[in-house]
Amino acid sequence: FVYIFDDITHVGGNINLREAISNTIQLSYTRDSWLKCTLSGSYITDDIARCYREITDRIVYTSPENLPRHLNATLTLSAMNLPITRFWDISGSFTLIYNNYSFPPSLGIGRNCRFTPVIDCRNRLDLSSGWSAEISARWNGRMAYGQAGVSSYGTLYIGIRKLMLGGKLNATLFARDL
């Protein structure tokens, strides 16, 4: 099937796809339940990714294709529930992701590789009378994603909670992606 969304974009399937095989190893170290370091790596053959082909100067055709290989490596350092004051705990993580995509020679596309930093910070505030609040922020750097590059983006989350009936009931109000 080919879906024609507009005069420029045509999207189709690919009945000739092969299964993707992933070989992954992950090593993790935890210290006193607050610090964690994780290193993982994957070598994926026949990875399935969306590929874009320019049919004419005005039409782009998008379909899933098997890639010869995709390499991925991730290093994450996390610190959890660190007390800043008696009512404020903070958790944070830093992740460095490496993606390296290779494409079939028939597509005429060079490889796409990039290191991407990701930063996550979560603040929990325990207020009086069963009230608590959370403020979380995340930033994701520019990332290689198949043939495409994903731009940097950030998100902010704010929430407030009230515990009632001895902690058996809670009411939560939150806002995401501020």
# chains A, B, ... in the order shown; residues from 1 in each chain; ligands from 1
call {"tool": "residues_around", "arguments": {"residues": "A:Ile109", "least_positions_apart": "3", "cutoff": "12 Å", "atoms": "only C-alpha atoms", "output": "list of chain:residue names"}}
result
A:Cys51, A:Tyr52, A:Arg53, A:Glu54, A:Leu67, A:Tyr101, A:Ser102, A:Phe103, A:Pro104, A:Pro105, A:Ser106, A:Asn112, A:Gly146, A:Gln147, A:Ala148
call {"tool": "write_last_selection", "arguments": {"atoms": "N, CA, C and O atoms", "output": "PDB file, in the first residue's frame"}}
result
ATOM      1  N   CYS A  51      13.233   5.124   5.733  1.00  0.00           N
ATOM      2  CA  CYS A  51      14.143   5.783   4.792  1.00  0.00           C
ATOM      3  C   CYS A  51      13.346   6.693   3.865  1.00  0.00           C
ATOM      4  O   CYS A  51      12.196   6.421   3.531  1.00  0.00           O
ATOM      5  N   TYR A  52      13.984   7.762   3.472  1.00  0.00           N
ATOM      6  CA  TYR A  52      13.353   8.777   2.631  1.00  0.00           C
ATOM      7  C   TYR A  52      14.059   8.797   1.281  1.00  0.00           C
ATOM      8  O   TYR A  52      15.283   8.871   1.217  1.00  0.00           O
ATOM      9  N   ARG A  53      13.259   8.738   0.209  1.00  0.00           N
ATOM     10  CA  ARG A  53      13.809   8.822  -1.146  1.00  0.00           C
ATOM     11  C   ARG A  53      13.116   9.953  -1.871  1.00  0.00           C
ATOM     12  O   ARG A  53      11.879  10.034  -1.859  1.00  0.00           O
ATOM     13  N   GLU A  54      13.897  10.767  -2.530  1.00  0.00           N
ATOM     14  CA  GLU A  54      13.311  11.837  -3.324  1.00  0.00           C
ATOM     15  C   GLU A  54      12.996  11.262  -4.699  1.00  0.00           C
ATOM     16  O   GLU A  54      13.889  10.857  -5.437  1.00  0.00           O
ATOM     17  N   LEU A  67      18.567  -1.968   7.272  1.00  0.00           N
ATOM     18  CA  LEU A  67      19.895  -1.371   7.212  1.00  0.00           C
ATOM     19  C   LEU A  67      20.927  -2.478   7.385  1.00  0.00           C
ATOM     20  O   LEU A  67      20.681  -3.439   8.118  1.00  0.00           O
ATOM     21  N   TYR A 101      24.366   4.606  12.076  1.00  0.00           N
ATOM     22  CA  TYR A 101      23.522   3.897  11.109  1.00  0.00           C
ATOM     23  C   TYR A 101      24.253   3.793   9.778  1.00  0.00           C
ATOM     24  O   TYR A 101      24.803   4.780   9.294  1.00  0.00           O
ATOM     25  N   SER A 102      24.239   2.606   9.170  1.00  0.00           N
ATOM     26  CA  SER A 102      24.764   2.382   7.821  1.00  0.00           C
ATOM     27  C   SER A 102      23.601   1.999   6.924  1.00  0.00           C
ATOM     28  O   SER A 102      22.683   1.307   7.359  1.00  0.00           O
ATOM     29  N   PHE A 103      23.656   2.422   5.669  1.00  0.00           N
ATOM     30  CA  PHE A 103      22.556   2.201   4.732  1.00  0.00           C
ATOM     31  C   PHE A 103      23.009   1.351   3.562  1.00  0.00           C
ATOM     32  O   PHE A 103      24.184   1.315   3.227  1.00  0.00           O
ATOM     33  N   PRO A 104      22.060   0.672   2.911  1.00  0.00           N
ATOM     34  CA  PRO A 104      22.414  -0.135   1.745  1.00  0.00           C
ATOM     35  C   PRO A 104      23.010   0.755   0.646  1.00  0.00           C
ATOM     36  O   PRO A 104      22.559   1.887   0.452  1.00  0.00           O
ATOM     37  N   PRO A 105      24.026   0.256  -0.075  1.00  0.00           N
ATOM     38  CA  PRO A 105      24.628   1.058  -1.145  1.00  0.00           C
ATOM     39  C   PRO A 105      23.610   1.501  -2.193  1.00  0.00           C
ATOM     40  O   PRO A 105      23.753   2.561  -2.793  1.00  0.00           O
ATOM     41  N   SER A 106      22.553   0.715  -2.392  1.00  0.00           N
ATOM     42  CA  SER A 106      21.552   1.049  -3.409  1.00  0.00           C
ATOM     43  C   SER A 106      20.820   2.358  -3.096  1.00  0.00           C
ATOM     44  O   SER A 106      20.284   2.993  -3.990  1.00  0.00           O
ATOM     45  N   ASN A 112      24.998   7.754   9.073  1.00  0.00           N
ATOM     46  CA  ASN A 112      24.519   8.811   9.959  1.00  0.00           C
ATOM     47  C   ASN A 112      24.932   8.426  11.368  1.00  0.00           C
ATOM     48  O   ASN A 112      24.472   7.421  11.907  1.00  0.00           O
ATOM     49  N   GLY A 146      18.060   6.816  12.363  1.00  0.00           N
ATOM     50  CA  GLY A 146      17.969   6.291  11.006  1.00  0.00           C
ATOM     51  C   GLY A 146      18.633   7.244  10.041  1.00  0.00           C
ATOM     52  O   GLY A 146      19.752   7.704  10.257  1.00  0.00           O
ATOM     53  N   GLN A 147      17.938   7.612   9.004  1.00  0.00           N
ATOM     54  CA  GLN A 147      18.457   8.533   8.002  1.00  0.00           C
ATOM     55  C   GLN A 147      18.330   9.984   8.469  1.00  0.00           C
ATOM     56  O   GLN A 147      19.024  10.862   7.973  1.00  0.00           O
ATOM     57  N   ALA A 148      17.461  10.223   9.429  1.00  0.00           N
ATOM     58  CA  ALA A 148      17.151  11.580   9.858  1.00  0.00           C
ATOM     59  C   ALA A 148      17.987  12.006  11.050  1.00  0.00           C
ATOM     60  O   ALA A 148      18.648  11.197  11.698  1.00  0.00           O
TER      61      ALA A 148
END
call {"tool": "closest_atom_pairs", "arguments": {"of": "stretch 59-138 of chain A", "to": "stretch 10-17 of chain A", "cutoff": "9 Å", "atoms": "only C-alpha atoms", "output": "tab-separated table"}}
result
residue	atom	partner	partner_atom	distance
A:Ile59	CA	A:His10	CA	7.3
A:Val60	CA	A:His10	CA	6.2
A:Tyr61	CA	A:His10	CA	4.8
A:Thr62	CA	A:Val11	CA	4.6
A:Ser63	CA	A:Gly12	CA	5.1
A:Pro64	CA	A:Asn14	CA	6.1
A:Glu65	CA	A:Leu17	CA	6.6
A:Asn66	CA	A:Leu17	CA	6.2
call {"tool": "residues_around", "arguments": {"residues": "stretch 36-44 of chain A", "least_positions_apart": "3", "cutoff": "10 Å", "atoms": "only C-alpha atoms", "output": "tab-separated table (two decimals) with all heavy atoms, in the first residue's frame"}}
result
chain	number	residue	atom	x	y	z
A	20	ALA	N	15.11	-8.05	12.22
A	20	ALA	CA	16.31	-7.42	12.76
A	20	ALA	C	16.85	-8.29	13.89
A	20	ALA	O	16.09	-8.82	14.70
A	20	ALA	CB	15.99	-6.03	13.27
A	21	ILE	N	18.17	-8.46	13.94
A	21	ILE	CA	18.82	-9.25	15.00
A	21	ILE	C	19.68	-8.29	15.82
A	21	ILE	O	20.53	-7.58	15.28
A	21	ILE	CB	19.73	-10.35	14.42
A	21	ILE	CG1	18.96	-11.23	13.43
A	21	ILE	CG2	20.37	-11.16	15.53
A	21	ILE	CD1	17.90	-12.11	14.04
A	22	SER	N	19.46	-8.27	17.14
A	22	SER	CA	20.19	-7.38	18.02
A	22	SER	C	21.05	-8.19	18.99
A	22	SER	O	20.55	-9.10	19.66
A	22	SER	CB	19.21	-6.51	18.81
A	22	SER	OG	19.89	-5.71	19.74
A	23	ASN	N	22.33	-7.86	19.05
A	23	ASN	CA	23.25	-8.44	20.03
A	23	ASN	C	23.61	-7.32	21.00
A	23	ASN	O	24.20	-6.32	20.61
A	23	ASN	CB	24.52	-8.96	19.35
A	23	ASN	CG	24.19	-10.07	18.38
A	23	ASN	OD1	23.78	-11.14	18.79
A	23	ASN	ND2	24.33	-9.81	17.09
A	24	THR	N	23.22	-7.49	22.27
A	24	THR	CA	23.36	-6.41	23.25
A	24	THR	C	24.08	-6.93	24.49
A	24	THR	O	23.86	-8.05	24.94
A	24	THR	CB	21.97	-5.88	23.66
A	24	THR	OG1	21.29	-5.43	22.49
A	24	THR	CG2	22.07	-4.74	24.65
A	25	ILE	N	24.93	-6.06	25.03
A	25	ILE	CA	25.57	-6.35	26.32
A	25	ILE	C	25.37	-5.12	27.21
A	25	ILE	O	25.42	-3.99	26.73
A	25	ILE	CB	27.06	-6.70	26.18
A	25	ILE	CG1	27.63	-7.15	27.51
A	25	ILE	CG2	27.84	-5.53	25.60
A	25	ILE	CD1	28.99	-7.81	27.42
A	26	GLN	N	25.09	-5.37	28.49
A	26	GLN	CA	24.87	-4.28	29.43
A	26	GLN	C	25.61	-4.58	30.73
A	26	GLN	O	25.49	-5.67	31.28
A	26	GLN	CB	23.39	-4.09	29.71
A	26	GLN	CG	23.11	-2.95	30.65
A	26	GLN	CD	21.62	-2.67	30.79
A	26	GLN	OE1	20.80	-3.27	30.13
A	26	GLN	NE2	21.28	-1.77	31.67
A	27	LEU	N	26.36	-3.61	31.20
A	27	LEU	CA	27.07	-3.70	32.47
A	27	LEU	C	26.54	-2.59	33.37
A	27	LEU	O	26.37	-1.45	32.93
A	27	LEU	CB	28.57	-3.53	32.27
A	27	LEU	CG	29.23	-4.50	31.29
A	27	LEU	CD1	30.66	-4.05	31.00
A	27	LEU	CD2	29.21	-5.90	31.86
A	28	SER	N	26.30	-2.93	34.64
A	28	SER	CA	25.75	-1.96	35.56
A	28	SER	C	26.45	-2.05	36.91
A	28	SER	O	26.81	-3.14	37.35
A	28	SER	CB	24.26	-2.27	35.75
A	28	SER	OG	23.52	-1.13	35.82
A	29	TYR	N	26.63	-0.90	37.55
A	29	TYR	CA	27.22	-0.84	38.88
A	29	TYR	C	26.34	0.06	39.73
A	29	TYR	O	25.97	1.16	39.31
A	29	TYR	CB	28.64	-0.27	38.82
A	29	TYR	CG	29.22	0.00	40.18
A	29	TYR	CD1	29.71	-1.02	40.97
A	29	TYR	CD2	29.27	1.30	40.68
A	29	TYR	CE1	30.24	-0.77	42.23
A	29	TYR	CE2	29.80	1.57	41.93
A	29	TYR	CZ	30.27	0.53	42.70
A	29	TYR	OH	30.79	0.79	43.94
A	30	THR	N	25.97	-0.41	40.94
A	30	THR	CA	25.15	0.37	41.86
A	30	THR	C	25.89	0.50	43.18
A	30	THR	O	26.46	-0.47	43.68
A	30	THR	CB	23.79	-0.32	42.11
A	30	THR	OG1	23.15	-0.50	40.85
A	30	THR	CG2	22.91	0.50	43.01
A	31	ARG	N	25.86	1.70	43.73
A	31	ARG	CA	26.52	1.96	45.02
A	31	ARG	C	25.50	2.50	46.01
A	31	ARG	O	24.91	3.56	45.77
A	31	ARG	CB	27.66	2.95	44.84
A	31	ARG	CG	28.23	3.43	46.13
A	31	ARG	CD	29.71	3.44	46.10
A	31	ARG	NE	30.20	3.93	47.37
A	31	ARG	CZ	31.01	3.27	48.12
A	31	ARG	NH1	31.46	2.10	47.71
A	31	ARG	NH2	31.44	3.75	49.25
A	32	ASP	N	25.30	1.79	47.09
A	32	ASP	CA	24.44	2.23	48.20
A	32	ASP	C	23.06	2.69	47.76
A	32	ASP	O	22.50	3.61	48.34
A	32	ASP	CB	25.12	3.36	48.99
A	32	ASP	CG	26.42	2.91	49.64
A	32	ASP	OD1	26.54	1.71	49.96
A	32	ASP	OD2	27.31	3.75	49.80
A	33	SER	N	22.50	2.11	46.75
A	33	SER	CA	21.16	2.36	46.21
A	33	SER	C	20.91	3.81	45.78
A	33	SER	O	19.79	4.18	45.49
A	33	SER	CB	20.07	1.93	47.21
A	33	SER	OG	19.97	2.83	48.28
A	47	ASP	N	18.66	-3.90	10.88
A	47	ASP	CA	17.79	-3.00	11.64
A	47	ASP	C	16.78	-2.36	10.68
A	47	ASP	O	17.09	-2.07	9.53
A	47	ASP	CB	18.62	-1.91	12.33
A	47	ASP	CG	17.85	-1.21	13.43
A	47	ASP	OD1	16.76	-1.67	13.79
A	47	ASP	OD2	18.35	-0.18	13.91
A	48	ILE	N	15.57	-2.18	11.16
A	48	ILE	CA	14.52	-1.61	10.32
A	48	ILE	C	14.38	-0.13	10.67
A	48	ILE	O	14.16	0.23	11.83
A	48	ILE	CB	13.18	-2.35	10.55
A	48	ILE	CG1	13.35	-3.82	10.16
A	48	ILE	CG2	12.06	-1.69	9.75
A	48	ILE	CD1	12.18	-4.70	10.55
A	67	LEU	N	18.57	-1.97	7.27
A	67	LEU	CA	19.90	-1.37	7.21
A	67	LEU	C	20.93	-2.48	7.39
A	67	LEU	O	20.68	-3.44	8.12
A	67	LEU	CB	20.07	-0.34	8.32
A	67	LEU	CG	19.01	0.76	8.41
A	67	LEU	CD1	19.37	1.74	9.52
A	67	LEU	CD2	18.87	1.48	7.09
A	68	PRO	N	22.10	-2.35	6.76
A	68	PRO	CA	23.12	-3.39	6.95
A	68	PRO	C	23.51	-3.54	8.42
A	68	PRO	O	23.67	-4.64	8.92
A	68	PRO	CB	24.30	-2.89	6.12
A	68	PRO	CG	23.73	-1.97	5.13
A	68	PRO	CD	22.52	-1.35	5.79
A	69	ARG	N	23.61	-2.40	9.12
A	69	ARG	CA	23.95	-2.49	10.55
A	69	ARG	C	23.61	-1.18	11.25
A	69	ARG	O	23.51	-0.13	10.62
A	69	ARG	CB	25.43	-2.80	10.76
A	69	ARG	CG	26.35	-1.68	10.37
A	69	ARG	CD	27.79	-1.95	10.80
A	69	ARG	NE	28.65	-0.93	10.27
A	69	ARG	CZ	28.80	0.28	10.79
A	69	ARG	NH1	28.13	0.62	11.86
A	69	ARG	NH2	29.61	1.15	10.24
A	70	HIS	N	23.43	-1.29	12.54
A	70	HIS	CA	23.22	-0.13	13.40
A	70	HIS	C	23.99	-0.40	14.69
A	70	HIS	O	23.79	-1.43	15.34
A	70	HIS	CB	21.72	0.03	13.69
A	70	HIS	CG	21.41	1.03	14.76
A	70	HIS	ND1	20.28	0.96	15.52
A	70	HIS	CD2	22.07	2.12	15.21
A	70	HIS	CE1	20.25	1.95	16.38
A	70	HIS	NE2	21.34	2.67	16.22
A	71	LEU	N	24.89	0.49	15.03
A	71	LEU	CA	25.63	0.41	16.28
A	71	LEU	C	25.05	1.41	17.26
A	71	LEU	O	24.74	2.54	16.90
A	71	LEU	CB	27.11	0.74	16.06
A	71	LEU	CG	27.90	-0.18	15.14
A	71	LEU	CD1	29.29	0.40	14.91
A	71	LEU	CD2	27.99	-1.56	15.74
A	72	ASN	N	24.91	0.99	18.51
A	72	ASN	CA	24.41	1.87	19.56
A	72	ASN	C	25.20	1.62	20.83
A	72	ASN	O	25.43	0.47	21.20
A	72	ASN	CB	22.92	1.60	19.80
A	72	ASN	CG	22.39	2.35	21.00
A	72	ASN	OD1	22.48	1.85	22.13
A	72	ASN	ND2	21.86	3.52	20.78
A	73	ALA	N	25.63	2.69	21.48
A	73	ALA	CA	26.30	2.58	22.78
A	73	ALA	C	25.72	3.65	23.70
A	73	ALA	O	25.42	4.77	23.25
A	73	ALA	CB	27.80	2.78	22.63
A	74	THR	N	25.51	3.29	24.95
A	74	THR	CA	24.91	4.22	25.92
A	74	THR	C	25.67	4.14	27.24
A	74	THR	O	25.93	3.05	27.75
A	74	THR	CB	23.43	3.86	26.16
A	74	THR	OG1	22.75	3.84	24.90
A	74	THR	CG2	22.76	4.85	27.07
A	75	LEU	N	25.99	5.30	27.79
A	75	LEU	CA	26.58	5.41	29.12
A	75	LEU	C	25.66	6.30	29.94
A	75	LEU	O	25.33	7.42	29.52
A	75	LEU	CB	27.97	6.03	29.05
A	75	LEU	CG	28.62	6.38	30.40
A	75	LEU	CD1	28.90	5.12	31.21
A	75	LEU	CD2	29.87	7.19	30.20
A	76	THR	N	25.20	5.79	31.10
A	76	THR	CA	24.30	6.56	31.97
A	76	THR	C	24.85	6.59	33.38
A	76	THR	O	25.22	5.55	33.94
A	76	THR	CB	22.89	5.94	31.99
A	76	THR	OG1	22.37	5.90	30.67
A	76	THR	CG2	21.94	6.75	32.86
A	77	LEU	N	24.90	7.78	33.97
A	77	LEU	CA	25.24	7.99	35.37
A	77	LEU	C	24.01	8.59	36.05
A	77	LEU	O	23.49	9.62	35.60
A	77	LEU	CB	26.42	8.94	35.52
A	77	LEU	CG	27.73	8.49	34.89
A	77	LEU	CD1	28.74	9.62	34.90
A	77	LEU	CD2	28.28	7.28	35.63
A	78	SER	N	23.56	7.95	37.14
A	78	SER	CA	22.35	8.40	37.83
A	78	SER	C	22.60	8.52	39.32
A	78	SER	O	23.25	7.65	39.91
A	78	SER	CB	21.20	7.42	37.63
A	78	SER	OG	20.92	7.23	36.28
A	79	ALA	N	22.08	9.57	39.91
A	79	ALA	CA	22.09	9.75	41.37
A	79	ALA	C	20.64	9.93	41.79
A	79	ALA	O	19.93	10.77	41.23
A	79	ALA	CB	22.92	10.96	41.76
A	80	MET	N	20.18	9.14	42.77
A	80	MET	CA	18.77	9.12	43.14
A	80	MET	C	18.52	9.59	44.57
A	80	MET	O	19.25	9.22	45.49
A	80	MET	CB	18.20	7.70	43.00
A	80	MET	CG	18.30	7.12	41.63
A	80	MET	SD	17.31	8.10	40.51
A	80	MET	CE	17.77	7.41	38.98
A	93	SER	N	20.23	12.45	36.20
A	93	SER	CA	20.99	11.50	35.40
A	93	SER	C	21.58	12.22	34.20
A	93	SER	O	21.04	13.22	33.71
A	93	SER	CB	20.12	10.33	34.95
A	93	SER	OG	19.14	10.75	34.04
A	94	PHE	N	22.70	11.69	33.77
A	94	PHE	CA	23.36	12.16	32.55
A	94	PHE	C	23.58	10.93	31.68
A	94	PHE	O	24.12	9.92	32.16
A	94	PHE	CB	24.70	12.83	32.85
A	94	PHE	CG	25.45	13.17	31.59
A	94	PHE	CD1	25.09	14.28	30.84
A	94	PHE	CD2	26.48	12.37	31.15
A	94	PHE	CE1	25.76	14.59	29.67
A	94	PHE	CE2	27.17	12.66	29.98
A	94	PHE	CZ	26.80	13.78	29.23
A	95	THR	N	23.16	11.01	30.44
A	95	THR	CA	23.31	9.90	29.50
A	95	THR	C	24.01	10.40	28.25
A	95	THR	O	23.71	11.49	27.76
A	95	THR	CB	21.93	9.31	29.12
A	95	THR	OG1	21.27	8.90	30.32
A	95	THR	CG2	22.07	8.13	28.19
A	96	LEU	N	24.92	9.61	27.76
A	96	LEU	CA	25.58	9.89	26.49
A	96	LEU	C	25.27	8.71	25.57
A	96	LEU	O	25.57	7.56	25.90
A	96	LEU	CB	27.09	10.04	26.67
A	96	LEU	CG	27.86	10.50	25.43
A	96	LEU	CD1	27.38	11.87	24.96
A	96	LEU	CD2	29.35	10.55	25.73
A	97	ILE	N	24.62	9.00	24.44
A	97	ILE	CA	24.19	7.97	23.49
A	97	ILE	C	24.97	8.14	22.19
A	97	ILE	O	25.11	9.26	21.69
A	97	ILE	CB	22.68	8.10	23.19
A	97	ILE	CG1	21.87	8.01	24.47
A	97	ILE	CG2	22.23	7.06	22.18
A	97	ILE	CD1	20.41	8.40	24.31
A	98	TYR	N	25.45	7.02	21.66
A	98	TYR	CA	26.11	7.04	20.35
A	98	TYR	C	25.31	6.14	19.42
A	98	TYR	O	25.06	4.98	19.72
A	98	TYR	CB	27.54	6.52	20.45
A	98	TYR	CG	28.22	6.40	19.11
A	98	TYR	CD1	28.61	7.53	18.41
A	98	TYR	CD2	28.45	5.16	18.54
A	98	TYR	CE1	29.22	7.43	17.16
A	98	TYR	CE2	29.07	5.05	17.31
A	98	TYR	CZ	29.46	6.18	16.63
A	98	TYR	OH	30.06	6.07	15.40
A	99	ASN	N	24.87	6.69	18.30
A	99	ASN	CA	24.17	5.93	17.26
A	99	ASN	C	24.97	6.03	15.97
A	99	ASN	O	25.44	7.11	15.62
A	99	ASN	CB	22.76	6.46	17.00
A	99	ASN	CG	21.78	5.99	18.03
A	99	ASN	OD1	21.68	4.79	18.28
A	99	ASN	ND2	21.06	6.91	18.64
A	100	ASN	N	25.12	4.90	15.27
A	100	ASN	CA	25.82	4.86	14.00
A	100	ASN	C	25.00	3.98	13.06
A	100	ASN	O	24.92	2.77	13.25
A	100	ASN	CB	27.23	4.30	14.18
A	100	ASN	CG	28.04	4.34	12.91
A	100	ASN	OD1	27.51	4.34	11.81
A	100	ASN	ND2	29.35	4.36	13.07
A	101	TYR	N	24.37	4.61	12.08
A	101	TYR	CA	23.52	3.90	11.11
A	101	TYR	C	24.25	3.79	9.78
A	101	TYR	O	24.80	4.78	9.29
A	101	TYR	CB	22.21	4.65	10.87
A	101	TYR	CG	21.30	4.71	12.07
A	101	TYR	CD1	21.38	5.75	12.98
A	101	TYR	CD2	20.35	3.72	12.28
A	101	TYR	CE1	20.53	5.82	14.07
A	101	TYR	CE2	19.50	3.77	13.36
A	101	TYR	CZ	19.60	4.83	14.25
A	101	TYR	OH	18.76	4.89	15.34
call {"tool": "closest_residue", "arguments": {"among": "A:Arg111, A:Arg122, A:Arg86, A:Arg58", "to": "A:Ser136", "atoms": "only C-alpha atoms"}}
result
A:Arg122
call {"tool": "residues_around", "arguments": {"residues": "A:Arg142", "least_positions_apart": "3", "cutoff": "6 Å", "atoms": "only C-alpha atoms", "output": "JSON, numbers by chain"}}
result
{"A": [150, 151, 152]}
call {"tool": "closest_residue", "arguments": {"among": "A:Trp131, A:Phe5, A:Trp34, A:Phe174", "to": "A:Pro83", "atoms": "only C-alpha atoms"}}
result
A:Trp34
call {"tool": "select_by_dssp", "arguments": {"residues": "stretch 19-170 of chain A", "states": "helix (DSSP H, G or I)", "output": "ChimeraX atom specification"}}
result
/A:105-107,165-167
call {"tool": "write_last_selection", "arguments": {"atoms": "N, CA and C atoms", "output": "PDB file, in the first residue's frame"}}
result
ATOM      1  N   PRO A 105      24.026   0.256  -0.075  1.00  0.00           N
ATOM      2  CA  PRO A 105      24.628   1.058  -1.145  1.00  0.00           C
ATOM      3  C   PRO A 105      23.610   1.501  -2.193  1.00  0.00           C
ATOM      4  N   SER A 106      22.553   0.715  -2.392  1.00  0.00           N
ATOM      5  CA  SER A 106      21.552   1.049  -3.409  1.00  0.00           C
ATOM      6  C   SER A 106      20.820   2.358  -3.096  1.00  0.00           C
ATOM      7  N   LEU A 107      20.802   2.763  -1.822  1.00  0.00           N
ATOM      8  CA  LEU A 107      20.113   4.002  -1.454  1.00  0.00           C
ATOM      9  C   LEU A 107      20.972   5.237  -1.707  1.00  0.00           C
ATOM     10  N   LEU A 165      -6.890  10.824  53.739  1.00  0.00           N
ATOM     11  CA  LEU A 165      -7.350   9.583  54.374  1.00  0.00           C
ATOM     12  C   LEU A 165      -6.176   8.697  54.781  1.00  0.00           C
ATOM     13  N   GLY A 166      -5.228   9.295  55.473  1.00  0.00           N
ATOM     14  CA  GLY A 166      -4.071   8.548  55.971  1.00  0.00           C
ATOM     15  C   GLY A 166      -3.197   7.984  54.870  1.00  0.00           C
ATOM     16  N   GLY A 167      -3.145   8.637  53.719  1.00  0.00           N
ATOM     17  CA  GLY A 167      -2.303   8.196  52.619  1.00  0.00           C
ATOM     18  C   GLY A 167      -2.971   7.196  51.691  1.00  0.00           C
TER      19      GLY A 167
END
call {"tool": "closest_residue", "arguments": {"among": "A:Ala144, A:Leu82, A:Ala49, A:Ala133", "to": "A:Pro117", "atoms": "only C-alpha atoms"}}
result
A:Ala144
call {"tool": "atom_distance", "arguments": {"atom1": "atom CA of A:Arg124", "atom2": "atom CA of A:Gly159"}}
result
9.6 Å
call {"tool": "select_by_dssp", "arguments": {"residues": "stretch 25-129 of chain A", "states": "strand (DSSP E or B)", "output": "ChimeraX atom specification"}}
result
/A:25-31,35-45,48-54,60-66,69-85,88-102,112-126
call {"tool": "atom_distance", "arguments": {"atom1": "atom CA of A:Leu127", "atom2": "atom CA of A:Leu178"}}
result
22.5 Å
call {"tool": "closest_residue", "arguments": {"among": "A:Val118, A:Ala175, A:Ile135, A:Leu169", "to": "A:Tyr153", "atoms": "only C-alpha atoms"}}
result
A:Val118
call {"tool": "atom_distance", "arguments": {"atom1": "atom CA of A:Leu163", "atom2": "atom CA of A:Arg138"}}
result
26.5 Å
call {"tool": "closest_residue", "arguments": {"among": "A:Trp88, A:Thr155, A:Tyr145, A:Arg161", "to": "A:Ile119", "atoms": "only C-alpha atoms"}}
result
A:Thr155
